[in-house]
file target_26.pdb (PDB, C-alpha atoms (C1' of nucleotides))
ATOM      1  CA  MET I 534      57.787  38.949 153.533
ATOM      2  CA  GLU I 535      57.164  42.507 152.459
ATOM      3  CA  THR I 536      55.296  43.879 155.374
ATOM      4  CA  PRO I 537      52.289  46.104 155.929
ATOM      5  CA  ALA I 538      53.348  49.545 156.992
ATOM      6  CA  ILE I 539      51.429  49.936 160.204
ATOM      7  CA  VAL I 540      50.675  47.936 163.291
ATOM      8  CA  LYS I 541      48.236  45.197 162.633
ATOM      9  CA  GLY I 542      45.352  46.315 164.802
ATOM     10  CA  VAL I 543      45.098  49.645 163.072
ATOM     11  CA  LEU I 544      45.070  48.345 159.539
ATOM     12  CA  ARG I 545      41.902  47.239 157.866
ATOM     13  CA  PRO I 546      42.219  43.454 157.783
ATOM     14  CA  ASP I 547      40.753  43.165 154.310
ATOM     15  CA  VAL I 548      43.418  45.349 152.732
ATOM     16  CA  LYS I 549      46.171  43.135 151.341
ATOM     17  CA  PHE I 550      49.526  44.793 150.901
ATOM     18  CA  GLN I 551      52.039  43.725 148.341
ATOM     19  CA  GLN I 552      54.615  46.394 149.035
ATOM     20  CA  CYS I 553      54.964  49.153 151.584
ATOM     21  CA  PRO I 554      53.545  52.447 150.280
ATOM     22  CA  ILE I 555      56.311  54.334 152.035
ATOM     23  CA  LYS I 556      58.935  52.341 150.234
ATOM     24  CA  ALA I 557      57.113  52.858 146.966
ATOM     25  CA  SER I 558      56.979  56.609 147.484
ATOM     26  CA  MET I 559      60.583  56.900 148.534
ATOM     27  CA  GLY I 560      61.716  55.494 145.232
ATOM     28  CA  VAL I 561      61.042  58.837 143.615
ATOM     29  CA  PHE I 562      61.403  61.269 146.462
ATOM     30  CA  GLY I 563      64.509  59.748 147.951
ATOM     31  CA  ARG I 564      66.946  61.181 145.444
ATOM     32  CA  LYS I 565      69.064  64.207 146.142
ATOM     33  CA  TRP I 566      67.587  67.568 145.074
ATOM     34  CA  THR I 567      64.209  66.082 144.192
ATOM     35  CA  MET I 568      62.299  67.605 147.081
ATOM     36  CA  LEU I 569      63.836  71.014 146.505
ATOM     37  CA  LEU I 570      62.930  70.771 142.837
ATOM     38  CA  LEU I 571      59.323  70.009 143.672
ATOM     39  CA  ARG I 572      59.358  72.917 146.091
ATOM     40  CA  ASP I 573      60.493  75.321 143.400
ATOM     41  CA  ILE I 574      58.256  74.018 140.648
ATOM     42  CA  GLY I 575      55.233  73.475 142.873
ATOM     43  CA  PHE I 576      55.325  76.357 145.322
ATOM     44  CA  ARG I 577      57.563  79.002 143.828
ATOM     45  CA  LYS I 578      56.467  78.449 140.242
ATOM     46  CA  ILE I 579      60.006  78.440 138.949
ATOM     47  CA  ASP I 580      59.526  76.643 135.684
ATOM     48  CA  ARG I 581      62.597  77.184 133.515
ATOM     49  CA  PHE I 582      65.721  75.053 133.405
ATOM     50  CA  ASN I 583      68.188  77.851 134.051
ATOM     51  CA  HIS I 584      66.029  79.453 136.702
ATOM     52  CA  LEU I 585      65.875  76.193 138.586
ATOM     53  CA  LEU I 586      69.625  75.970 138.213
ATOM     54  CA  GLU I 587      70.022  79.400 139.788
ATOM     55  CA  SER I 588      67.442  78.849 142.500
ATOM     56  CA  ILE I 589      69.101  75.768 143.950
ATOM     57  CA  PRO I 590      72.729  76.386 144.925
ATOM     58  CA  GLY I 591      74.958  73.420 144.223
ATOM     59  CA  LEU I 592      72.673  71.832 141.664
ATOM     60  CA  THR I 593      74.467  71.132 138.380
ATOM     61  CA  PRO I 594      72.888  70.999 134.900
ATOM     62  CA  ARG I 595      73.652  67.336 134.572
ATOM     63  CA  VAL I 596      71.822  66.346 137.734
ATOM     64  CA  LEU I 597      68.989  68.789 137.118
ATOM     65  CA  SER I 598      68.475  67.213 133.731
ATOM     66  CA  MET I 599      68.409  63.760 135.277
ATOM     67  CA  ARG I 600      65.948  64.706 137.997
ATOM     68  CA  LEU I 601      63.593  66.437 135.584
ATOM     69  CA  ARG I 602      63.622  63.380 133.373
ATOM     70  CA  GLU I 603      62.952  61.050 136.293
ATOM     71  CA  LEU I 604      60.107  63.175 137.592
ATOM     72  CA  GLU I 605      58.660  63.448 134.110
ATOM     73  CA  ARG I 606      58.888  59.726 133.498
ATOM     74  CA  ASP I 607      57.178  59.160 136.830
ATOM     75  CA  GLY I 608      54.354  61.503 135.849
ATOM     76  CA  ILE I 609      55.029  64.044 138.575
ATOM     77  CA  ILE I 610      55.960  66.944 136.328
ATOM     78  CA  ARG I 611      55.385  67.692 132.669
ATOM     79  CA  LYS I 612      56.491  70.189 130.092
ATOM     80  CA  MET I 613      53.963  72.915 129.445
ATOM     81  CA  ASP I 614      53.483  73.842 125.828
ATOM     82  CA  ASP I 615      54.034  77.547 125.570
ATOM     83  CA  GLN I 616      53.614  78.152 121.877
ATOM     84  CA  THR I 617      54.061  81.902 122.258
ATOM     85  CA  SER I 618      57.793  81.529 122.992
ATOM     86  CA  PRO I 619      59.673  79.053 120.844
ATOM     87  CA  GLY I 620      62.475  77.088 122.396
ATOM     88  CA  ILE I 621      61.281  77.938 125.869
ATOM     89  CA  VAL I 622      60.497  74.970 128.100
ATOM     90  CA  ARG I 623      58.279  75.368 131.133
ATOM     91  CA  TRP I 624      57.837  72.714 133.792
ATOM     92  CA  THR I 625      54.674  72.231 135.833
ATOM     93  CA  LEU I 626      53.305  69.767 138.313
ATOM     94  CA  THR I 627      50.842  67.176 137.134
ATOM     95  CA  GLU I 628      47.934  66.149 139.330
ATOM     96  CA  LYS I 629      50.215  63.516 140.795
ATOM     97  CA  GLY I 630      52.808  66.185 141.465
ATOM     98  CA  GLU I 631      50.269  68.374 143.235
ATOM     99  CA  ASP I 632      49.530  65.413 145.459
ATOM    100  CA  ALA I 633      53.143  65.427 146.545
ATOM    101  CA  LEU I 634      52.890  68.911 148.024
ATOM    102  CA  PRO I 635      51.354  67.733 151.310
ATOM    103  CA  ILE I 636      54.521  65.744 151.860
ATOM    104  CA  LEU I 637      56.509  68.927 151.383
ATOM    105  CA  MET I 638      54.215  70.771 153.768
ATOM    106  CA  ARG I 639      54.963  68.192 156.437
ATOM    107  CA  LEU I 640      58.683  68.562 155.832
ATOM    108  CA  ILE I 641      58.260  72.318 156.222
ATOM    109  CA  ALA I 642      56.331  71.839 159.440
ATOM    110  CA  PHE I 643      58.944  69.491 160.815
ATOM    111  CA  GLY I 644      61.883  71.641 159.791
ATOM    112  CA  SER I 645      60.301  74.803 161.145
ATOM    113  CA  LYS I 646      59.711  73.209 164.508
ATOM    114  CA  TRP I 647      62.867  71.170 164.986
ATOM    115  CA  TYR I 648      65.534  72.908 162.936
ATOM    116  CA  ALA I 649      64.558  76.464 163.773
ATOM    117  CA  LYS I 650      68.163  77.251 164.626
ATOM    118  CA  ASP I 651      69.097  76.726 161.011
ATOM    119  CA  VAL I 652      65.851  77.768 159.407
ATOM    120  CA  PHE I 653      64.956  81.094 160.986
ATOM    121  CA  GLU I 654      67.095  84.120 161.588
ATOM    122  CA  ASP I 655      65.584  84.555 165.036
ATOM    123  CA  LYS I 656      65.990  80.822 165.722
ATOM    124  CA  VAL I 657      62.448  80.552 167.076
ATOM    125  CA  PRO I 658      60.500  77.383 166.234
ATOM    126  CA  ARG I 659      57.289  77.987 164.357
ATOM    127  CA  SER I 660      54.187  76.056 163.345
ATOM    128  CA  LEU I 661      52.774  76.211 159.848
ATOM    129  CA  ASN I 662      50.204  78.778 160.923
ATOM    130  CA  GLU I 663      52.975  81.042 162.076
ATOM    131  CA  ILE I 664      54.719  80.893 158.719
ATOM    132  CA  PHE I 665      51.946  81.427 156.222
ATOM    133  CA  THR I 666      49.648  84.387 155.862
ATOM    134  CA  LYS I 667      46.050  83.706 156.638
ATOM    135  CA  PRO I 668      43.952  83.620 153.500
ATOM    136  CA  GLU I 669      46.141  82.048 150.867
ATOM    137  CA  ALA I 670      47.871  79.737 153.261
ATOM    138  CA  GLN I 671      44.642  78.141 154.318
ATOM    139  CA  GLN I 672      44.125  76.990 150.758
ATOM    140  CA  ILE I 673      47.479  75.323 150.693
ATOM    141  CA  VAL I 674      47.175  73.850 154.134
ATOM    142  CA  GLN I 675      43.756  72.588 153.139
ATOM    143  CA  ARG I 676      45.485  70.134 150.888
ATOM    144  CA  LEU I 677      46.637  68.365 154.003
ATOM    145  CA  TYR I 678      43.056  67.523 154.811
ATOM    146  CA  GLU I 679      42.153  66.151 151.413
ATOM    147  CA  SER I 680      42.356  62.632 150.120
TER
ATOM    148  CA  MET V1293      70.812  83.367 148.427
ATOM    149  CA  GLU V1294      69.180  80.584 150.343
ATOM    150  CA  THR V1295      65.562  81.036 149.529
ATOM    151  CA  PRO V1296      62.278  80.869 151.402
ATOM    152  CA  ALA V1297      60.399  77.742 150.554
ATOM    153  CA  ILE V1298      57.127  79.154 149.327
ATOM    154  CA  VAL V1299      55.915  81.851 147.024
ATOM    155  CA  LYS V1300      56.334  85.273 148.474
ATOM    156  CA  GLY V1301      52.700  86.334 148.724
ATOM    157  CA  VAL V1302      51.807  83.371 150.875
ATOM    158  CA  LEU V1303      54.615  83.745 153.352
ATOM    159  CA  ARG V1304      54.338  86.006 156.332
ATOM    160  CA  PRO V1305      56.615  88.911 155.451
ATOM    161  CA  ASP V1306      57.984  89.234 158.966
ATOM    162  CA  VAL V1307      59.341  85.697 159.006
ATOM    163  CA  LYS V1308      62.988  85.769 158.003
ATOM    164  CA  PHE V1309      64.355  82.537 156.625
ATOM    165  CA  GLN V1310      67.948  81.541 156.875
ATOM    166  CA  GLN V1311      67.625  78.130 155.314
ATOM    167  CA  CYS V1312      64.825  76.196 153.690
ATOM    168  CA  PRO V1313      63.015  73.986 156.218
ATOM    169  CA  ILE V1314      62.566  71.294 153.583
ATOM    170  CA  LYS V1315      66.279  71.171 152.987
ATOM    171  CA  ALA V1316      66.897  71.079 156.712
ATOM    172  CA  SER V1317      64.502  68.166 157.158
ATOM    173  CA  MET V1318      65.864  66.206 154.232
ATOM    174  CA  GLY V1319      69.277  66.104 155.834
ATOM    175  CA  VAL V1320      68.061  63.382 158.155
ATOM    176  CA  PHE V1321      65.277  61.746 156.213
ATOM    177  CA  GLY V1322      67.059  61.641 152.888
ATOM    178  CA  ARG V1323      69.241  58.664 153.636
ATOM    179  CA  LYS V1324      68.475  55.178 152.438
ATOM    180  CA  TRP V1325      66.402  52.988 154.809
ATOM    181  CA  THR V1326      65.736  55.834 157.240
ATOM    182  CA  MET V1327      62.036  56.208 156.470
ATOM    183  CA  LEU V1328      61.474  52.461 156.671
ATOM    184  CA  LEU V1329      63.274  52.402 159.986
ATOM    185  CA  LEU V1330      61.051  55.132 161.368
ATOM    186  CA  ARG V1331      58.060  53.225 160.069
ATOM    187  CA  ASP V1332      59.070  50.084 161.951
ATOM    188  CA  ILE V1333      60.092  51.800 165.164
ATOM    189  CA  GLY V1334      57.256  54.317 165.135
ATOM    190  CA  PHE V1335      54.302  52.398 163.784
ATOM    191  CA  ARG V1336      55.122  48.738 164.120
ATOM    192  CA  LYS V1337      56.912  49.050 167.446
ATOM    193  CA  ILE V1338      59.789  46.896 166.313
ATOM    194  CA  ASP V1339      62.429  47.969 168.757
ATOM    195  CA  ARG V1340      65.253  45.435 168.703
ATOM    196  CA  PHE V1341      68.310  45.496 166.484
ATOM    197  CA  ASN V1342      67.924  42.009 165.087
ATOM    198  CA  HIS V1343      64.190  42.372 164.636
ATOM    199  CA  LEU V1344      64.694  45.526 162.623
ATOM    200  CA  LEU V1345      67.246  43.645 160.586
ATOM    201  CA  GLU V1346      64.707  40.917 159.831
ATOM    202  CA  SER V1347      61.851  43.286 159.164
ATOM    203  CA  ILE V1348      63.604  45.229 156.433
ATOM    204  CA  PRO V1349      64.850  42.988 153.631
ATOM    205  CA  GLY V1350      68.172  44.114 152.225
ATOM    206  CA  LEU V1351      69.210  46.112 155.235
ATOM    207  CA  THR V1352      72.606  45.061 156.573
ATOM    208  CA  PRO V1353      73.816  45.303 160.172
ATOM    209  CA  ARG V1354      76.445  47.816 159.207
ATOM    210  CA  VAL V1355      73.979  50.254 157.683
ATOM    211  CA  LEU V1356      71.377  49.648 160.373
ATOM    212  CA  SER V1357      73.978  50.512 162.973
ATOM    213  CA  MET V1358      74.842  53.704 161.114
ATOM    214  CA  ARG V1359      71.224  54.775 160.706
ATOM    215  CA  LEU V1360      70.363  54.130 164.333
ATOM    216  CA  ARG V1361      73.351  56.163 165.406
ATOM    217  CA  GLU V1362      72.437  59.042 163.088
ATOM    218  CA  LEU V1363      68.826  59.077 164.230
ATOM    219  CA  GLU V1364      69.912  58.913 167.840
ATOM    220  CA  ARG V1365      72.401  61.731 167.421
ATOM    221  CA  ASP V1366      69.689  63.794 165.782
ATOM    222  CA  GLY V1367      67.353  63.192 168.703
ATOM    223  CA  ILE V1368      64.757  61.300 166.701
ATOM    224  CA  ILE V1369      65.123  57.952 168.464
ATOM    225  CA  ARG V1370      66.575  56.915 171.790
ATOM    226  CA  LYS V1371      67.425  53.762 173.637
ATOM    227  CA  MET V1372      64.849  52.759 176.198
ATOM    228  CA  ASP V1373      66.172  51.604 179.519
ATOM    229  CA  ASP V1374      64.715  48.197 180.133
ATOM    230  CA  GLN V1375      66.352  47.179 183.363
ATOM    231  CA  THR V1376      64.392  43.937 183.562
ATOM    232  CA  SER V1377      66.342  42.355 180.712
ATOM    233  CA  PRO V1378      70.088  42.909 180.751
ATOM    234  CA  GLY V1379      71.866  43.408 177.460
ATOM    235  CA  ILE V1380      68.619  44.014 175.635
ATOM    236  CA  VAL V1381      68.429  47.294 173.740
ATOM    237  CA  ARG V1382      65.098  48.763 172.776
ATOM    238  CA  TRP V1383      64.654  51.717 170.465
ATOM    239  CA  THR V1384      61.808  54.222 170.682
ATOM    240  CA  LEU V1385      60.830  57.463 169.085
ATOM    241  CA  THR V1386      61.458  60.661 170.963
ATOM    242  CA  GLU V1387      58.975  63.519 170.825
ATOM    243  CA  LYS V1388      60.850  64.751 167.788
ATOM    244  CA  GLY V1389      60.548  61.325 166.240
ATOM    245  CA  GLU V1390      56.817  61.236 166.849
ATOM    246  CA  ASP V1391      56.614  64.512 164.977
ATOM    247  CA  ALA V1392      58.095  62.793 161.961
ATOM    248  CA  LEU V1393      55.191  60.363 161.683
ATOM    249  CA  PRO V1394      52.930  62.816 159.839
ATOM    250  CA  ILE V1395      55.539  62.867 157.092
ATOM    251  CA  LEU V1396      55.325  59.093 156.903
ATOM    252  CA  MET V1397      51.528  59.310 156.818
ATOM    253  CA  ARG V1398      51.747  61.541 153.785
ATOM    254  CA  LEU V1399      54.102  59.133 152.092
ATOM    255  CA  ILE V1400      51.608  56.356 152.804
ATOM    256  CA  ALA V1401      48.782  58.426 151.386
ATOM    257  CA  PHE V1402      50.754  59.238 148.272
ATOM    258  CA  GLY V1403      51.969  55.701 147.728
ATOM    259  CA  SER V1404      48.523  54.214 148.283
ATOM    260  CA  LYS V1405      47.006  56.511 145.728
ATOM    261  CA  TRP V1406      49.679  56.602 143.034
ATOM    262  CA  TYR V1407      51.558  53.332 143.359
ATOM    263  CA  ALA V1408      48.577  51.106 144.019
ATOM    264  CA  LYS V1409      49.769  48.686 141.360
ATOM    265  CA  ASP V1410      52.798  47.902 143.471
ATOM    266  CA  VAL V1411      51.281  48.460 146.881
ATOM    267  CA  PHE V1412      48.009  46.527 146.882
ATOM    268  CA  GLU V1413      47.296  43.017 145.752
ATOM    269  CA  ASP V1414      44.114  44.155 144.070
ATOM    270  CA  LYS V1415      45.907  47.153 142.525
ATOM    271  CA  VAL V1416      43.151  49.536 143.567
ATOM    272  CA  PRO V1417      44.204  53.015 144.759
ATOM    273  CA  ARG V1418      43.117  53.855 148.278
ATOM    274  CA  SER V1419      42.925  56.897 150.524
ATOM    275  CA  LEU V1420      44.111  56.844 154.117
ATOM    276  CA  ASN V1421      40.564  56.322 155.351
ATOM    277  CA  GLU V1422      40.294  53.227 153.237
ATOM    278  CA  ILE V1423      43.432  51.736 154.749
ATOM    279  CA  PHE V1424      42.988  52.296 158.443
ATOM    280  CA  THR V1425      40.284  51.030 160.740
ATOM    281  CA  LYS V1426      38.077  53.664 162.215
ATOM    282  CA  PRO V1427      38.764  54.211 165.896
ATOM    283  CA  GLU V1428      42.505  53.758 166.278
ATOM    284  CA  ALA V1429      43.340  55.209 162.925
ATOM    285  CA  GLN V1430      41.658  58.470 163.706
ATOM    286  CA  GLN V1431      44.085  58.983 166.532
ATOM    287  CA  ILE V1432      47.015  58.544 164.211
ATOM    288  CA  VAL V1433      45.552  60.606 161.442
ATOM    289  CA  GLN V1434      44.775  63.263 164.006
ATOM    290  CA  ARG V1435      48.463  63.915 164.209
ATOM    291  CA  LEU V1436      48.206  65.377 160.757
ATOM    292  CA  TYR V1437      46.047  68.139 162.130
ATOM    293  CA  GLU V1438      48.277  69.060 165.025
ATOM    294  CA  SER V1439      51.048  71.601 165.178
TER
ATOM    295  C1'  DC P1352      68.268  78.621 126.394
ATOM    296  C1'  DT P1353      68.004  73.688 127.363
ATOM    297  C1'  DG P1354      70.090  70.423 127.784
ATOM    298  C1'  DC P1355      73.720  66.077 126.777
ATOM    299  C1'  DA P1356      78.624  63.704 126.840
ATOM    300  C1'  DT P1357      82.634  62.541 129.095
ATOM    301  C1'  DC P1358      85.413  62.028 132.853
ATOM    302  C1'  DC P1359      86.403  61.161 137.322
ATOM    303  C1'  DG P1360      86.452  61.467 142.454
ATOM    304  C1'  DA P1361      83.834  60.746 146.605
ATOM    305  C1'  DT P1362      80.572  58.434 149.067
ATOM    306  C1'  DC P1363      77.577  55.252 150.094
ATOM    307  C1'  DG P1364      76.359  51.037 151.032
ATOM    308  C1'  DG P1365      76.580  45.721 150.273
ATOM    309  C1'  DA P1366      79.223  41.270 151.738
ATOM    310  C1'  DT P1367      81.431  38.960 155.071
ATOM    311  C1'  DA P1368      83.576  38.025 159.214
ATOM    312  C1'  DC P1369      84.239  38.939 163.826
ATOM    313  C1'  DT P1370      83.658  40.586 169.071
ATOM    314  C1'  DG P1371      81.957  41.833 173.985
TER
ATOM    315  C1'  DC K1395      71.975  39.969 171.212
ATOM    316  C1'  DA K1396      73.810  44.123 169.403
ATOM    317  C1'  DG K1397      76.598  45.728 167.149
ATOM    318  C1'  DT K1398      82.068  46.655 164.638
ATOM    319  C1'  DA K1399      85.782  46.072 161.306
ATOM    320  C1'  DT K1400      87.471  45.526 156.910
ATOM    321  C1'  DC K1401      87.081  45.382 152.238
ATOM    322  C1'  DC K1402      85.460  46.653 148.020
ATOM    323  C1'  DG K1403      82.168  47.461 144.127
ATOM    324  C1'  DA K1404      78.573  50.347 142.464
ATOM    325  C1'  DT K1405      76.478  54.496 142.181
ATOM    326  C1'  DC K1406      75.948  58.995 142.460
ATOM    327  C1'  DG K1407      76.933  63.222 141.460
ATOM    328  C1'  DG K1408      80.380  67.308 140.651
ATOM    329  C1'  DA K1409      83.317  69.661 136.889
ATOM    330  C1'  DT K1410      83.816  70.854 132.450
ATOM    331  C1'  DG K1411      82.911  71.293 127.781
ATOM    332  C1'  DC K1412      79.974  71.035 123.914
ATOM    333  C1'  DA K1413      75.510  70.863 120.860
ATOM    334  C1'  DG K1414      70.917  71.781 118.877
TER
END
call {"tool": "encode", "arguments": {"input": "target_26.pdb", "output": "structure tokens"}}
result
Amino acid sequence: METPAIVKGVLRPDVKFQQCPIKASMGVFGRKWTMLLLRDIGFRKIDRFNHLLESIPGLTPRVLSMRLRELERDGIIRKMDDQTSPGIVRWTLTEKGEDALPILMRLIAFGSKWYAKDVFEDKVPRSLNEIFTKPEAQQIVQRLYES
Amino acid sequence: METPAIVKGVLRPDVKFQQCPIKASMGVFGRKWTMLLLRDIGFRKIDRFNHLLESIPGLTPRVLSMRLRELERDGIIRKMDDQTSPGIVRWTLTEKGEDALPILMRLIAFGSKWYAKDVFEDKVPRSLNEIFTKPEAQQIVQRLYES
DNA sequence: CTGCATCCGATCGGATACTG
DNA sequence: CAGTATCCGATCGGATGCAG
């Protein structure tokens, strides 16, 4: 049987699972480049096809096109209408896409603590608080506490 | 250049990035079955090879063996010495592995909200609080607030 | 500028059988 | 029980070139 995600005693007994939510989520986020794409669109506000291509070394137009289409079909990103510039396509997160950012934050936290040798020049592990500046960061980190 | 993960204004200027922490983290967690394995070892305390094999439909011994080896090499899981039963291997999370659970929690939160049609029998989206029972769950969810 | 088409090589992982 | 070994098919994605 498809199994509930967490140990029995901790789960509300009245909640009936059909499929594991982790498995469901990984369907989208499991593909190569997807997380880095969400990082660039969501955090860095890189919204143009060619800019995304430049910002992610190794990513090819073919795969970028595929990922954008998948994320769009899944309702995680959408094209913004920018009528001022014709022929220009801009990608943004939907509400669903914004909800994916806490996952990214946790990947950042994990990577900054456990892969500091690769991540930081000084090779010193850091927590989220040690990476982000106070005021703005709090707003982003706040998202972790929502929902 | 390999780029910092987040918009410039939000990042502490003195923190020099060498590689993106998201990219670093995805190296391990990006592979097929890995997240479900961590779910079963970390949350459900399924610790035996054959039990893991049964608990995850579609997973084959070959791939399970590979994933366990990768996770072990990366320091995320380890074999527990259980001297009472000879020939029995038990897998547990290391401290590093425990630190991966908040990522799983976020995947659960996302999946429960946005893939409710697949996840729940009654197809109703739920937040984490609506999935877990009060006392024990708080301890798990607390992990989200640490580090 | 934003993609799509074609081609092809590498890799990943599924099936099955087998071993200490 | 806890894995390995071998084989092979599918998929994924890189390279390149082209189109609206």
call {"tool": "resolve_selection", "arguments": {"input": "target_26.pdb", "expression": "the PyMOL selection byres ((chain P and resi 1353) around 10)", "output": "PDB file with C-alpha atoms (C1' of nucleotides), keeping the file's coordinate frame"}}
result
ATOM      1  CA  ARG I 581      62.597  77.184 133.515  1.00  0.00           C
ATOM      2  CA  PHE I 582      65.721  75.053 133.405  1.00  0.00           C
ATOM      3  CA  ASN I 583      68.188  77.851 134.051  1.00  0.00           C
ATOM      4  CA  PRO I 594      72.888  70.999 134.900  1.00  0.00           C
ATOM      5  CA  SER I 598      68.475  67.213 133.731  1.00  0.00           C
ATOM      6  CA  GLY I 620      62.475  77.088 122.396  1.00  0.00           C
ATOM      7  CA  ILE I 621      61.281  77.938 125.869  1.00  0.00           C
ATOM      8  CA  VAL I 622      60.497  74.970 128.100  1.00  0.00           C
TER       9      VAL I 622
ATOM     10  C1'  DC P1352      68.268  78.621 126.394  1.00  0.00           C
ATOM     11  C1'  DG P1354      70.090  70.423 127.784  1.00  0.00           C
ATOM     12  C1'  DC P1355      73.720  66.077 126.777  1.00  0.00           C
TER      13       DC P1355
ATOM     14  C1'  DG K1414      70.917  71.781 118.877  1.00  0.00           C
TER      15       DG K1414
END
call {"tool": "residues_around", "arguments": {"input": "target_26.pdb", "residues": "DC1401 in chain K", "least_positions_apart": "6", "cutoff": "12 Å", "atoms": "all atoms listed in the file", "output": "list in words"}}
result
DG1365, DA1366, DT1367 and DA1368 of chain P
call {"tool": "resolve_selection", "arguments": {"input": "target_26.pdb", "expression": "the PyMOL selection byres ((chain I) within 7 of (chain V))", "output": "VMD selection string"}}
result
chain I and resid 538 to 540 543 to 545 548 to 558 563 569 572 576 to 577 632 to 633 635 to 637 639 to 641 643 to 645 648 651 to 654 660 664 to 666 669 to 670 680
call {"tool": "interface_residues", "arguments": {"input": "target_26.pdb", "of": "chain K", "to": "chain I", "cutoff": "12 Å", "atoms": "only C-alpha atoms (C1' of nucleotides)", "output": "list of chain:residue names"}}
result
K:DC1406, K:DG1407, K:DG1408, K:DA1409, K:DT1410, K:DG1414
call {"tool": "closest_residue", "arguments": {"input": "target_26.pdb", "among": "V:Leu1330, V:Val1320, V:Met1372, V:Met1358", "to": "chain P", "atoms": "only C-alpha atoms (C1' of nucleotides)"}}
result
V:Met1358
call {"tool": "atom_distance", "arguments": {"input": "target_26.pdb", "atom1": "C1' of DG1364 in chain P", "atom2": "CA of Asp607 in chain I"}}
result
25.2 Å
call {"tool": "axis_aligned_box", "arguments": {"input": "target_26.pdb", "around": "range 1398-1406 of chain K", "padding_each_side": "6 Å", "output": "lines of an AutoDock Vina configuration file"}}
result
center_x = 81.7
center_y = 52.2
center_z = 153.4
size_x = 23.5
size_y = 25.6
size_z = 34.5
call {"tool": "atom_distance", "arguments": {"input": "target_26.pdb", "atom1": "CA of Val657 in chain I", "atom2": "CA of Lys1371 in chain V"}}
result
28.0 Å
